[in-house]
Structure formats: C-alpha cells, structure tokens
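Peer 1: Sharing a structure below in structure tokens format, with a few things to ask.
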Amino acid sequence: MAAKFENPIVRWIDHRLPIFSFMHHELHEYPTPKNLNYWWNFGSLAGIALVIMLVSGITLAMHYTPHVDYAFDSVERIMRDVNYGWLIRYVHMNGASFFFIVVYIHIFRGLYYGSYKAPRELLWMLGVVIMLLMMATAFMGYVLPWGQMSFWGATVITNLFSAIPVVGESIVTWLWGGFSVDNPTLNRFFALHYLLPFVIVGVVVLHLVALHRFGSNNPLGVDVKSAKDQIPFHPYYTVKDAFGLGVFLIAFSAFVFFAPNFMGHPDNYIPADPLVTPAHIVPEWYFLPFYAILRAIPDKLGGVLFMFGSIAVLFVLPWLDRSPVRSGQFRPVFKIFFWILVVDVVALTYLGGKPAEGWYVIASRFATAYYFLHFLVILPLLSIFETPRQLPKSISEPVIGGGAGFAGAAAARRENVR
Amino acid sequence: MIARIKTLAAATLVAVTLAGPALAAGEVAIEAQDWSFGGIFGTFDRGELQRGLQVYQNVCATCHGLKHVAYRNLGDLGYTDDEVKVIAAEKQTTDGPNDEGEMFERAALPSDRFVSPFPNDAAARAANGGAYPPDLSLIVDARAGGADYIYGLLTGYKEPPAGVTVPDGMYYNTGFGGHQIAMPPPLFPDGVTYGDGTSATIAQQARDVSAFLAWASEPNLEQRKRAGVMTILFLLVFTGLLYATKRKIWAAVH
Amino acid sequence: MADTHQGETRRDFLYVATTTVGAIGAACVAWPFIDQMNPAADVLALATIEFDTATVAEGMAVTVKWRGKPVFVRHRTAAEIEQAKAVPLADLPDPQADAARALKPEVLVLVGVCTHLGCVPLGQKPADPKGDYGGWFCPCHGSHYDISGRIRKGPAPRNLEVPTYEYVSDTVVRIG
C-alpha cells in the first residue's frame, strides 16, 4: 500500500528524498501486533525522555560554566537569574531520574515477555548499549554542578579503575588529567556529557531499525501470523502512546514542581570541598543496585568486575535463556522467578543507599549472589526443565477454538493467569 | 489480578526505597513545623521574611555570608526600589581595579550580591577557631529537613543532660548531629528589635530567620508552585481528552 | 487520521479539542525555552547605572561602562559650550542642535562607540588626540567628532549616540 501524495511540492521532495514515503510506511503501513498492553508504552516514553533531556540540557549549557571556580555559581545563577532557569534545571535533574525509571521498566518488560529472544537478540543488545551510555552520561552529568556529592562521587568511581592490574593507576591519572578530580576532569566530563547523548540518539536509531526488522513482540510472545493479528501503528499506537505520555507528564510534573529535590541529595547543595568528605557518599538512586553489588564484593577489583558483570549478563541473556517460549504468561515457574528478581533488584537499590555496616553487608552479598544465580543458573535450568503452558495458535485465535478474535485470545489469557 | 497485586507491591517497595537515601541526618529528630510556604499552595509571608532579614542582618551576618542573593532580590520581600537601595548602601563592597590599578571600597548597589563578612573561606575559619560558618544562601536545601532542621537547630540549645561533658568552645544542641556544635547560641530574647513590633522571643526569631533562609535558598518557590498547579490541571484535562480519543479510536479493535 | 471519520460531529469535536489543547500545551512548553535566552535578571540589573557627574572636573572627561559599552561623560568649559552652539546646522553631515544633545549643557553624556564600524574614539584623556574639531577622533578610519559629539569629517554617518538618561539629583545621572 504505497502512499500517494496529492501535494506537488511533497511529491517533488519525496521523489528526490523519500522522507514522506518513509514516514508513511513507518507510521501507516508498519504493522504492529494488536494486543500490545500498556507495558509497551515505555519505549516511546524513553524516546520522549531523551528529547526532554536534550532540549533542557542544551539550554542549560547556554548558561553553565565548566570550571571549578564558576560551575557551582553558574548553576545558582541559572536557578535565580536566568528566565525560567529554575524550571529548566529541575526538568533536567528530574528528567534524568524519570529517564531511568522509564528505561528500567522497559527493560523489565523485555525480561518478562522474552523480547530478547530470537530474532530480537541484537535489538536487545543495542538496548543494553543504550543503558550503558545513559549510565556514563548520567554519571558525568552529576559531576557538573560541582557539589559535594558531585566531587566525591566522581572521586570514588574514578578511583575504581585503579583496581585494574598493572595499568590501573595510569588509567586513573589519565581519566583525571591530574592527581585528583579537579578542573581538567570537570572540563572533559562536560565535553563528553554533551557528546554522549547524541551517540545515544545514534544507537536509538539502530535500535529502532532492528525493531522494525521483525516488528514488536507482544504479550502472548506468539509471532504475528497474518494481517488479522495486526493494526497500523497510526492512529492506534500513536494515540495510545500520546495518552501514556500524558500520564507520564503528570507524574513528572508532580516531582518537578512539588518535590524537585526529593530524589536528589542535600549534600550536593554544598560546594565541592576536596578537604571534607561527606558522612555517606551515595550515588543517585538509579545507580544504587550497581553500587550495592560493587560494595558487596570485599575485593576492589572483584567488586568492579561483578558490577560490570551484572550488565554483562544482560548482554548474553538470549543465550542463557533458551526456552522456545517467549512470554512469561505461559511460563508459570519463570514468572515466579521473574518477580523474585524484581524484589531482589529493589532490595539491591535499597541496600545501595545504606552504609556498608551491620546486617546491610550480609544482605547485599546475598542479594548480589541471587542476582547472578538468577541469570546464570536459574534461567538456563528453566529453559531445560520448565513445562510451559500451551501457547495460543495466534494472536487472534486462542487455544480454545473459535471465539471472536481478540476477545477469544483474551479469554485464553485469563485462563492462564491464576 | 495477581499480576496487578504484584505490580502494586513492587511499586510500594520502590517508593519505600526512594524514601530511604534522602534521610541521612541520623540521630537528630527533626520536628515538622507549619510553614506558610509548605504544601502545594504555599506562599511566603512577607512580614515573616522581613523580620527574618532583620535577624539575618543583625545576628547571622556577622559570620555567615549570603552571597548568592542580590540586594535587588529583596524587592520580593515587599521593599520598594528606594528602600532596597538604602539597605544595600549600608554595606561596603570591593570594586575595581580603578585607573591606578587598585581595588577600592564603595557602597553596595542593588545589583550587587550580599557582601560576605569574610573575604574567603580561610579568613572565615581563622576568625572562628577553625570552624567554618557556612554561607547561608542554600542552607535550607543543603540540610535534610530543610527549614524544620534550621528551626530545630536554632531552638535546640539546651543544658547538656547529666553525665554529658561538652568541651570548651563547643555547645550542646539537640538539633545538631552529634549534639555538639561550635556555633555559640546566636539568638537571645529581644536580641533584635522588630520594626513591626512583634515580640522577639527566641522561637519567633528562629521561625522568622528560617523562613527567610528558605526564601533565600529558593526565591522562585511561589512561581514554581503556581506553575505546578496550572501545569497539572492542564495535564489532567489534556490526558483526559487523550484517553477519550484513544478509546474512540480503539473502539473499532475492541 | 482525516479519513477515519466521515462528518461525525462528536468525534470531530473530540479530535479538534484534543489537538487544540495539545497545541496550547506545546506553546506553553516552548515558551520557557525561548525566554531563557532573553537577558537574565542579573544582566537586566546592570541595564541601568547611576553616575555622579560632580566627580568630573571642568575640562575633564570620564569613561563609564554601561551595558558593556563605554559611555563618555565630558564636563565642558563655557568656551567649549559656546563653540558647540555656534556651529551652523548646514555644516553638519548629521544635523542636530547642541541643546538637543545634553540635558545640562555643561555635561555631555555620549555612547563612546563610533557610528561607522564600532571602534572607541580617542579624546577622553588630556593627552589624547581630539581630532580637528576639539571633540573626539576615531583612529580606525579617521572620523572626527566635535565638542558636541557630532560627526564633522570622516566615514561615520551619524553623531555619537546620546543614551537615555535623566538627572536623579543635581549631579547624579541615571543612564539607561
């Protein structure tokens, strides 16, 4: 169903640069499963969050000075003197948290519904790359206001690289551009923090190209068989995504306007002081699970390896979980372990914010061990030993024969949920 | 159904987790106060802010700077341009270099920021026995508990309980972590004579200066909350319309 | 979306309402990002300065900075004022009476930026060249300004600009 454009100017451009045909194909012709639930909104929300961060970040960069003597003051100038500066700064600060909230939910959706399985392995791996780039960007961005947490968080995390044998110390000096976190470090972090989001945009484009190769997964995990299973992306999912965006913006606005510092740390309103260490150095909440894993291992290098390992297991997940059944809906045992994983990650988040003392230590070690157990032992075993429920024949036709299309499939789904 | 319960449980866990990291104060029990600027519709009480400015200038400014606030910002407190000019001109600030290459002193202008009592941190420490009196521009944002914490600290000077010895140069304070603070009690009954005739008890002064410092940390608070109310109302309407549109369009599929 | 409805008024209304509200929302979101580039409060605070002309001795001149530009404040002698008033308007490339260029004839307040291409003319210091007309001389391309700051010779098209100013006391001017 090729597009026919009436407007002669549109036709002239499209003949030479088929942007309009491309848009028409991707929006009107691109077939999407008709049974996507609201957990599928989070991909587009992540894209919107990226745009919010880019726009707010570029406008902030018009007023920010990346020098240790001026950085903190320039941020205060933005908050007090720049027109709507307070709003743009709070949007950028809370936007980072919401970007991570949305992406984490997006990832857990993928975990539950088996979106990482063939033929979407590369799509999944590109997603993990995006998450890594986000983490690097957020880490460097938090240093820029040059508060106490900015400085000491940077010091602690860059010091980790000294754990690398032989070349570790040289790498740290190279990262710092000096003998401690100081002006050279701040300046280069600003340059890279400005650059990486555009790299993220590039990887997101690849992520979408990979997605469009086979189309979206769906809650049943069953491949699209015919046109009956599909609906055009526009207007169905454009309007559904718009609605989801509205809900997202309400939650986002509640924080930006009424609790803008809730997810932050008061110590970052104290200018950085290399001679005074805060009582408890804590990263932003979205790094807490990784921070917990890092501290759980008593050895410095071990901690670093396990921290990066926790993301590495995500990369190889398609080869750890080989069950031919995609969706957790039809994998009753997997479903239980999925929710235990969620509890485990929430526990790691909580423990990452606590001092490394007392029962927190043993709990962190247990939660870390369980995390790796889930991916490296439980999932592979499940692929071998789990008996899945019977899959429906297609999205439109459920296991129970007959039944009117979608309502029938819904009946099949209700059957499987206890 | 079970999936929904699990989602709710996970969400609750996440919410509890998020509440965790912010409370690092530990052993100080911060009592929640009623502030006019609290809540969704909070606004500043200009009389309170003006009294707070008086307390800051007469008591705190001896040791604590307020360098991110400009004298012209005092227009927010209800002062006229001329009154602001007079308040600014009470202080001398360094300017220059002049044509001879020398720095010189001149009366502060409204466009200048509050003049700090010490030229730099080292001088501040030296004058205060090694303890640095922090600049107060952001103190309400920089402490867990905000204005409640500041109020608790200012009203927390008490006799140490039996068995607790406080070394020379330190003071017992229930509102400060560790209960020992290097700052001598700054507030005294009638230490300040309020221009509006309010009785200057310690609690009153503490309340007024805490409110003033809350304003100093975030002068745009009222604009933020007003914009927030309008934004959320708008979004509720818009999201409602979007939901209706979504249902309409999807009626064909369902 | 245009082809999914065929004149069903209520459905049309919903789509129109949603789109309109959305457009209003988009405009409200766009405005702060546009306005943030406008001068910030601290820049606006320096948009006006006050200066005490009593500090300028007769025959001397002082340069003050205003909005990032130099402002010439010259305390003219009686002879200089007479000279400025006596110039016939026909002689001026940019005719303007001296009385229109100073609130009080003893004190000239001018923006010290050459109207040709923006250099700062010389003439503020006693040793500076003052050009052929006793005012200011721009070394970049040879514009000569007289003792009223009016262009007399050279490539500059207009007289030195007189900024908006007023006397807030006998001697103190507020510029801007």
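In the structure tokens, chains take the letters A, B, ... in the order shown, each chain's residues start at 1, and ligands count up from 1 in the order shown.
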What are the residues of chain A that have an atom within 7 Å of an atom of chain C, counting only C-alpha atoms, as an MDAnalysis selection string?

Peer 2: chainID A and resid 59 81:85 235

Peer 1: Can you write out the residues you just picked, keeping N, CA, C and O atoms, as a PDB file, in the first residue's frame?

Peer 2:
ATOM      1  N   THR A  59      19.805  23.948  26.534  1.00  0.00           N
ATOM      2  CA  THR A  59      19.513  25.294  27.034  1.00  0.00           C
ATOM      3  C   THR A  59      20.283  25.571  28.320  1.00  0.00           C
ATOM      4  O   THR A  59      20.729  26.698  28.548  1.00  0.00           O
ATOM      5  N   ASP A  81      18.608  33.737  38.321  1.00  0.00           N
ATOM      6  CA  ASP A  81      18.557  34.884  37.411  1.00  0.00           C
ATOM      7  C   ASP A  81      18.076  34.563  36.007  1.00  0.00           C
ATOM      8  O   ASP A  81      17.417  35.390  35.386  1.00  0.00           O
ATOM      9  N   VAL A  82      18.422  33.404  35.477  1.00  0.00           N
ATOM     10  CA  VAL A  82      18.024  33.076  34.105  1.00  0.00           C
ATOM     11  C   VAL A  82      16.512  32.887  34.068  1.00  0.00           C
ATOM     12  O   VAL A  82      15.938  32.227  34.942  1.00  0.00           O
ATOM     13  N   ASN A  83      15.863  33.480  33.046  1.00  0.00           N
ATOM     14  CA  ASN A  83      14.412  33.341  32.933  1.00  0.00           C
ATOM     15  C   ASN A  83      14.025  31.866  32.837  1.00  0.00           C
ATOM     16  O   ASN A  83      14.485  31.152  31.958  1.00  0.00           O
ATOM     17  N   TYR A  84      13.183  31.403  33.744  1.00  0.00           N
ATOM     18  CA  TYR A  84      12.749  30.003  33.799  1.00  0.00           C
ATOM     19  C   TYR A  84      13.908  29.028  34.019  1.00  0.00           C
ATOM     20  O   TYR A  84      13.757  27.824  33.854  1.00  0.00           O
ATOM     21  N   GLY A  85      15.070  29.584  34.423  1.00  0.00           N
ATOM     22  CA  GLY A  85      16.223  28.713  34.656  1.00  0.00           C
ATOM     23  C   GLY A  85      15.915  27.645  35.678  1.00  0.00           C
ATOM     24  O   GLY A  85      16.308  26.485  35.513  1.00  0.00           O
ATOM     25  N   PRO A 235      -3.485   5.240  13.450  1.00  0.00           N
ATOM     26  CA  PRO A 235      -3.540   6.079  14.645  1.00  0.00           C
ATOM     27  C   PRO A 235      -3.549   5.325  15.970  1.00  0.00           C
ATOM     28  O   PRO A 235      -3.513   5.954  17.017  1.00  0.00           O
TER      29      PRO A 235
END

Peer 1: With 9 Å as the limit and counting only C-alpha atoms, what residues in chain A lie close to chain B? Please list them as number ranges by chain.

Peer 2: A: 34, 73, 76-77, 79-80, 86-87, 231, 235-237, 239-240, 242-247, 249-251, 253-254, 256-258, 261-270, 279-280, 282, 284-285, 339, 342-343, 346-347, 349-354, 406-407, 417-418

Peer 1: Counting only C-alpha atoms, give me one row per residue of chain C with an atom at most 12 Å from an atom of chain B, showing the shortest contact pair and its distance in Å to one decimal, sorted by chain then residue number, as JSON lines.

Peer 2:
{"residue": "C:Met1", "atom": "CA", "partner": "B:Ile249", "partner_atom": "CA", "distance": 9.8}
{"residue": "C:Thr4", "atom": "CA", "partner": "B:Ile249", "partner_atom": "CA", "distance": 8.8}
{"residue": "C:His5", "atom": "CA", "partner": "B:Ile249", "partner_atom": "CA", "distance": 10.0}
{"residue": "C:Glu8", "atom": "CA", "partner": "B:Lys248", "partner_atom": "CA", "distance": 12.0}
{"residue": "C:Arg10", "atom": "CA", "partner": "B:Lys248", "partner_atom": "CA", "distance": 10.5}
{"residue": "C:Arg11", "atom": "CA", "partner": "B:Lys248", "partner_atom": "CA", "distance": 7.7}
{"residue": "C:Asp12", "atom": "CA", "partner": "B:Thr245", "partner_atom": "CA", "distance": 10.1}
{"residue": "C:Phe13", "atom": "CA", "partner": "B:Thr245", "partner_atom": "CA", "distance": 10.2}
{"residue": "C:Leu14", "atom": "CA", "partner": "B:Thr245", "partner_atom": "CA", "distance": 6.6}
{"residue": "C:Tyr15", "atom": "CA", "partner": "B:Thr245", "partner_atom": "CA", "distance": 6.7}
{"residue": "C:Val16", "atom": "CA", "partner": "B:Thr245", "partner_atom": "CA", "distance": 10.2}
{"residue": "C:Ala17", "atom": "CA", "partner": "B:Leu241", "partner_atom": "CA", "distance": 7.7}
{"residue": "C:Thr18", "atom": "CA", "partner": "B:Leu241", "partner_atom": "CA", "distance": 5.7}
{"residue": "C:Thr19", "atom": "CA", "partner": "B:Leu242", "partner_atom": "CA", "distance": 9.2}
{"residue": "C:Thr20", "atom": "CA", "partner": "B:Phe238", "partner_atom": "CA", "distance": 9.8}
{"residue": "C:Val21", "atom": "CA", "partner": "B:Phe238", "partner_atom": "CA", "distance": 6.5}
{"residue": "C:Gly22", "atom": "CA", "partner": "B:Phe238", "partner_atom": "CA", "distance": 7.0}
{"residue": "C:Ala23", "atom": "CA", "partner": "B:Phe238", "partner_atom": "CA", "distance": 10.5}
{"residue": "C:Ile24", "atom": "CA", "partner": "B:Phe234", "partner_atom": "CA", "distance": 9.8}
{"residue": "C:Gly25", "atom": "CA", "partner": "B:Phe234", "partner_atom": "CA", "distance": 7.9}
{"residue": "C:Ala26", "atom": "CA", "partner": "B:Phe238", "partner_atom": "CA", "distance": 11.4}
{"residue": "C:Cys28", "atom": "CA", "partner": "B:Thr231", "partner_atom": "CA", "distance": 9.3}
{"residue": "C:Val29", "atom": "CA", "partner": "B:Thr231", "partner_atom": "CA", "distance": 9.8}
{"residue": "C:Pro32", "atom": "CA", "partner": "B:Ala227", "partner_atom": "CA", "distance": 11.6}
{"residue": "C:Ala41", "atom": "CA", "partner": "B:Ser111", "partner_atom": "CA", "distance": 9.5}
{"residue": "C:Asp42", "atom": "CA", "partner": "B:Ser111", "partner_atom": "CA", "distance": 7.1}
{"residue": "C:Val43", "atom": "CA", "partner": "B:Ser111", "partner_atom": "CA", "distance": 9.1}
{"residue": "C:Leu44", "atom": "CA", "partner": "B:Ser111", "partner_atom": "CA", "distance": 9.1}
{"residue": "C:Ala45", "atom": "CA", "partner": "B:Ser111", "partner_atom": "CA", "distance": 5.5}
{"residue": "C:Leu46", "atom": "CA", "partner": "B:Ser111", "partner_atom": "CA", "distance": 6.6}
{"residue": "C:Ala47", "atom": "CA", "partner": "B:Ser111", "partner_atom": "CA", "distance": 9.8}
{"residue": "C:Thr48", "atom": "CA", "partner": "B:Ser111", "partner_atom": "CA", "distance": 9.6}
{"residue": "C:Ile49", "atom": "CA", "partner": "B:Ser111", "partner_atom": "CA", "distance": 9.5}
{"residue": "C:Glu50", "atom": "CA", "partner": "B:Leu109", "partner_atom": "CA", "distance": 9.8}
{"residue": "C:Phe51", "atom": "CA", "partner": "B:Leu109", "partner_atom": "CA", "distance": 12.0}
{"residue": "C:Val62", "atom": "CA", "partner": "B:Asp99", "partner_atom": "CA", "distance": 10.6}
{"residue": "C:Thr63", "atom": "CA", "partner": "B:Asp99", "partner_atom": "CA", "distance": 10.5}
{"residue": "C:Val64", "atom": "CA", "partner": "B:Asn98", "partner_atom": "CA", "distance": 11.2}
{"residue": "C:Lys125", "atom": "CA", "partner": "B:Asp99", "partner_atom": "CA", "distance": 11.7}

Peer 1: Env of Glu82 (chain C): 12 Å cut, atoms = only C-alpha atoms, seq-sep filter 2 positions within chain, self excluded. Answer as a PyMOL selection string.

Peer 2: chain C and resi 76-80+84-87+98-99+105-106+147-148

Peer 1: Would you export the selected residues with N, CA and C atoms as a short mmCIF file (atom, residue, chain, number, x, y, z; two decimals), in the first residue's frame, please?

Peer 2:
data_model
loop_
_atom_site.label_atom_id
_atom_site.label_comp_id
_atom_site.auth_asym_id
_atom_site.auth_seq_id
_atom_site.Cartn_x
_atom_site.Cartn_y
_atom_site.Cartn_z
N ARG C 76 32.15 70.05 30.03
CA ARG C 76 32.61 71.05 29.07
C ARG C 76 32.84 72.41 29.73
N THR C 77 33.86 73.15 29.23
CA THR C 77 34.08 74.53 29.70
C THR C 77 33.07 75.44 28.99
N ALA C 78 32.93 76.64 29.51
CA ALA C 78 31.98 77.60 28.91
C ALA C 78 32.33 77.88 27.45
N ALA C 79 33.65 78.00 27.20
CA ALA C 79 34.11 78.27 25.83
C ALA C 79 33.71 77.14 24.90
N GLU C 80 33.85 75.92 25.38
CA GLU C 80 33.51 74.77 24.55
C GLU C 80 32.01 74.76 24.23
N ALA C 84 30.27 74.89 20.57
CA ALA C 84 29.34 73.87 20.10
C ALA C 84 28.04 74.50 19.61
N LYS C 85 27.56 75.52 20.34
CA LYS C 85 26.28 76.13 19.95
C LYS C 85 26.41 76.91 18.67
N ALA C 86 27.64 77.42 18.40
CA ALA C 86 27.82 78.34 17.27
C ALA C 86 27.88 77.65 15.93
N VAL C 87 28.00 76.33 15.90
CA VAL C 87 28.15 75.62 14.62
C VAL C 87 26.84 75.67 13.84
N ASP C 98 23.05 71.51 19.46
CA ASP C 98 23.74 71.09 20.67
C ASP C 98 22.77 70.98 21.84
N ALA C 99 21.78 71.86 21.90
CA ALA C 99 20.83 71.86 23.01
C ALA C 99 20.06 70.54 23.07
N PRO C 105 23.93 71.71 29.63
CA PRO C 105 24.98 71.89 28.62
C PRO C 105 26.40 71.62 29.13
N GLU C 106 26.63 71.74 30.48
CA GLU C 106 28.00 71.52 30.97
C GLU C 106 28.40 70.07 30.89
N ILE C 147 32.87 69.04 19.68
CA ILE C 147 32.75 69.11 21.14
C ILE C 147 31.29 68.91 21.59
N SER C 148 30.45 68.55 20.61
CA SER C 148 29.10 68.11 20.98
C SER C 148 28.90 66.64 20.63
#

Peer 1: Please provide the set of residues having any atom within 10 Å of Ser226 (chain A), restricted to only C-alpha atoms, with same-chain residues fewer than 2 positions apart removed, written as a PyMOL selection string.

Peer 2: chain A and resi 33+223-224+228-230+394-396

Peer 1: Next, write the just-selected residues to a file, as a PDB file, in the first residue's frame, keeping C-alpha atoms as the atom set.

Peer 2:
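What ended up in part_5.pdb:
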ATOM      1  CA  PRO A  33       0.513  -6.564  16.924  1.00  0.00           C
ATOM      2  CA  ASP A 223       4.591 -14.420  16.290  1.00  0.00           C
ATOM      3  CA  VAL A 224       2.283 -12.408  14.095  1.00  0.00           C
ATOM      4  CA  LYS A 228      -5.700 -10.256  11.276  1.00  0.00           C
ATOM      5  CA  ASP A 229      -3.187 -10.073  14.120  1.00  0.00           C
ATOM      6  CA  GLN A 230      -2.071  -6.559  13.257  1.00  0.00           C
ATOM      7  CA  SER A 394      -2.055 -16.955  17.041  1.00  0.00           C
ATOM      8  CA  ILE A 395      -2.778 -13.543  18.481  1.00  0.00           C
ATOM      9  CA  SER A 396      -6.261 -13.566  17.013  1.00  0.00           C
TER      10      SER A 396
END

Peer 1: List as a list in words the protein and nucleic acid residues near Leu211 (chain A), meaning an atom at most 10 Å away when only C-alpha atoms are counted, but skip any in the same chain fewer than 3 places from it.

Peer 2: Pro119, Arg120, Leu122, Leu123, Trp124, Val205, Leu206, His207, Leu208, Phe214, Gly215, Ser216 and Asn217 of chain A

Peer 1: In terms of the shortest atom-to-atom distance over only C-alpha atoms, which of A:Gly221, A:Val316, A:Trp359, A:Met307 is closest to Ser115 (chain A)?

Peer 2: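 When distances to Ser115 (chain A) are compared using only C-alpha atoms, the smallest one comes from A:Gly221.
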
Peer 1: I'd like the contact shell of region 88-92 of chain B - 7 Å cut-off, only C-alpha atoms, skipping same-chain residues fewer than 4 positions apart - returned as a ChimeraX atom specification.

Peer 2: /B:71,84,105-110,115

Peer 1: Pro219 (chain A): which residues within 10 Å, counting only C-alpha atoms, same-chain residues fewer than 4 positions away excluded, as a ChimeraX atom specification?

Peer 2: /A:33,35-37,39-40,109,112-115,326-330,395,413

Peer 1: Could you pull out the strand (DSSP E or B) residues of region 1-240 of chain B from DSSP and send them as a PyMOL selection string?

Peer 2: chain B and resi 70+92-95+104-107+113+157+171-173+180-181

Peer 1: Next, write the just-selected residues to a file, as a CSV table (one decimal), in the first residue's frame, keeping all heavy atoms as the atom set.

Peer 2:
chain,number,residue,atom,x,y,z
B,70,ALA,N,21.1,38.6,45.7
B,70,ALA,CA,21.5,40.0,45.4
B,70,ALA,C,20.5,41.0,46.1
B,70,ALA,O,19.4,40.6,46.4
B,70,ALA,CB,21.3,40.3,43.9
B,92,GLN,N,29.6,48.1,52.6
B,92,GLN,CA,30.7,48.5,51.6
B,92,GLN,C,31.2,47.2,50.9
B,92,GLN,O,31.3,46.2,51.5
B,92,GLN,CB,31.9,49.1,52.4
B,92,GLN,CG,31.6,50.4,53.0
B,92,GLN,CD,31.6,51.5,52.0
B,92,GLN,OE1,32.6,51.7,51.2
B,92,GLN,NE2,30.5,52.3,51.9
B,93,THR,N,31.4,47.4,49.6
B,93,THR,CA,31.9,46.2,48.8
B,93,THR,C,33.1,46.6,48.0
B,93,THR,O,33.3,47.8,47.8
B,93,THR,CB,30.8,45.7,47.9
B,93,THR,OG1,31.3,44.5,47.3
B,93,THR,CG2,30.4,46.7,46.8
B,94,THR,N,33.9,45.6,47.7
B,94,THR,CA,35.1,45.9,46.9
B,94,THR,C,34.8,46.0,45.5
B,94,THR,O,34.0,45.2,44.9
B,94,THR,CB,36.1,44.7,47.2
B,94,THR,OG1,36.2,44.4,48.6
B,94,THR,CG2,37.5,45.1,46.7
B,95,ASP,N,35.4,46.9,44.8
B,95,ASP,CA,35.2,47.1,43.4
B,95,ASP,C,36.6,47.4,42.8
B,95,ASP,O,37.6,47.6,43.5
B,95,ASP,CB,34.3,48.2,43.0
B,95,ASP,CG,33.7,48.1,41.6
B,95,ASP,OD1,34.2,47.2,40.9
B,95,ASP,OD2,32.8,48.8,41.3
B,104,PHE,N,39.1,49.2,45.3
B,104,PHE,CA,38.7,50.2,46.2
B,104,PHE,C,37.3,49.8,46.8
B,104,PHE,O,36.7,48.9,46.3
B,104,PHE,CB,38.5,51.6,45.5
B,104,PHE,CG,37.6,51.5,44.3
B,104,PHE,CD1,36.3,51.9,44.4
B,104,PHE,CD2,38.1,51.2,43.0
B,104,PHE,CE1,35.4,51.8,43.3
B,104,PHE,CE2,37.2,51.1,42.0
B,104,PHE,CZ,35.9,51.4,42.1
B,105,GLU,N,36.9,50.5,47.8
B,105,GLU,CA,35.7,50.2,48.5
B,105,GLU,C,34.6,51.2,48.1
B,105,GLU,O,34.9,52.3,47.9
B,105,GLU,CB,35.8,50.3,50.0
B,105,GLU,CG,36.8,49.2,50.6
B,105,GLU,CD,36.1,47.8,50.7
B,105,GLU,OE1,35.1,47.7,51.4
B,105,GLU,OE2,36.7,46.9,50.1
B,106,ARG,N,33.4,50.7,47.9
B,106,ARG,CA,32.3,51.6,47.6
B,106,ARG,C,31.0,51.0,48.2
B,106,ARG,O,31.0,49.9,48.5
B,106,ARG,CB,32.1,51.7,46.1
B,106,ARG,CG,31.8,50.4,45.3
B,106,ARG,CD,31.1,50.7,44.0
B,106,ARG,NE,30.9,49.5,43.3
B,106,ARG,CZ,30.0,48.6,43.5
B,106,ARG,NH1,29.1,48.8,44.5
B,106,ARG,NH2,29.9,47.5,42.8
B,107,ALA,N,30.0,51.9,48.3
B,107,ALA,CA,28.7,51.4,48.9
B,107,ALA,C,28.1,50.4,47.9
B,107,ALA,O,28.2,50.6,46.7
B,107,ALA,CB,27.8,52.6,49.1
B,113,ARG,N,25.6,41.5,45.0
B,113,ARG,CA,25.2,40.4,45.8
B,113,ARG,C,25.5,40.8,47.3
B,113,ARG,O,26.4,41.6,47.5
B,113,ARG,CB,25.9,39.1,45.4
B,113,ARG,CG,25.7,38.9,43.9
B,113,ARG,CD,25.3,37.5,43.5
B,113,ARG,NE,24.9,37.5,42.1
B,113,ARG,CZ,23.8,36.9,41.7
B,113,ARG,NH1,23.0,36.3,42.4
B,113,ARG,NH2,23.5,37.0,40.4
B,157,TYR,N,19.4,24.7,71.5
B,157,TYR,CA,20.5,24.9,72.5
B,157,TYR,C,19.9,24.6,73.9
B,157,TYR,O,18.9,25.3,74.3
B,157,TYR,CB,21.0,26.3,72.5
B,157,TYR,CG,21.9,26.6,71.3
B,157,TYR,CD1,21.4,27.1,70.1
B,157,TYR,CD2,23.3,26.3,71.4
B,157,TYR,CE1,22.3,27.3,69.0
B,157,TYR,CE2,24.1,26.5,70.3
B,157,TYR,CZ,23.6,27.0,69.1
B,157,TYR,OH,24.5,27.2,68.1
B,171,TYR,N,29.1,23.7,72.2
B,171,TYR,CA,27.9,23.9,72.9
B,171,TYR,C,27.0,22.7,72.6
B,171,TYR,O,27.0,22.2,71.5
B,171,TYR,CB,27.2,25.2,72.4
B,171,TYR,CG,28.2,26.4,72.5
B,171,TYR,CD1,29.1,26.7,71.5
B,171,TYR,CD2,28.1,27.2,73.7
B,171,TYR,CE1,30.0,27.8,71.7
B,171,TYR,CE2,29.0,28.3,73.8
B,171,TYR,CZ,29.9,28.5,72.8
B,171,TYR,OH,30.8,29.6,73.0
B,172,TYR,N,26.2,22.4,73.6
B,172,TYR,CA,25.2,21.3,73.5
B,172,TYR,C,24.0,21.7,72.7
B,172,TYR,O,23.4,22.8,73.0
B,172,TYR,CB,24.8,20.8,74.9
B,172,TYR,CG,24.0,19.5,74.8
B,172,TYR,CD1,24.6,18.3,74.6
B,172,TYR,CD2,22.6,19.6,74.9
B,172,TYR,CE1,23.8,17.1,74.5
B,172,TYR,CE2,21.8,18.4,74.8
B,172,TYR,CZ,22.5,17.2,74.6
B,172,TYR,OH,21.7,16.1,74.5
B,173,ASN,N,23.6,21.0,71.7
B,173,ASN,CA,22.5,21.4,70.8
B,173,ASN,C,21.8,20.1,70.4
B,173,ASN,O,22.4,19.3,69.7
B,173,ASN,CB,23.0,22.2,69.7
B,173,ASN,CG,21.8,22.8,68.9
B,173,ASN,OD1,20.9,22.1,68.5
B,173,ASN,ND2,21.8,24.1,68.6
B,180,GLN,N,26.8,18.3,69.5
B,180,GLN,CA,27.8,19.3,69.9
B,180,GLN,C,28.1,20.2,68.7
B,180,GLN,O,28.5,19.7,67.6
B,180,GLN,CB,29.1,18.7,70.4
B,180,GLN,CG,28.9,18.0,71.7
B,180,GLN,CD,30.2,17.4,72.2
B,180,GLN,OE1,31.3,17.9,71.8
B,180,GLN,NE2,30.1,16.5,73.1
B,181,ILE,N,27.9,21.5,68.9
B,181,ILE,CA,28.1,22.4,67.8
B,181,ILE,C,29.0,23.5,68.2
B,181,ILE,O,29.1,23.9,69.3
B,181,ILE,CB,26.7,23.0,67.4
B,181,ILE,CG1,26.8,23.8,66.1
B,181,ILE,CG2,26.1,23.9,68.5
B,181,ILE,CD1,25.5,24.2,65.5

Peer 1: Could you pull out the residues in region 322-384 of chain A that DSSP calls alpha helix (DSSP H) from the backbone, as a ChimeraX atom specification?

Peer 2: /A:332-352,359-373,379-384

Peer 1: Between CA of Ile297 (chain A) and CA of Thr368 (chain A), what is the distance, to one decimal in Å?

Peer 2: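 Answer for the CA of Ile297 (chain A) to CA of Thr368 (chain A) separation: 8.8 Å.
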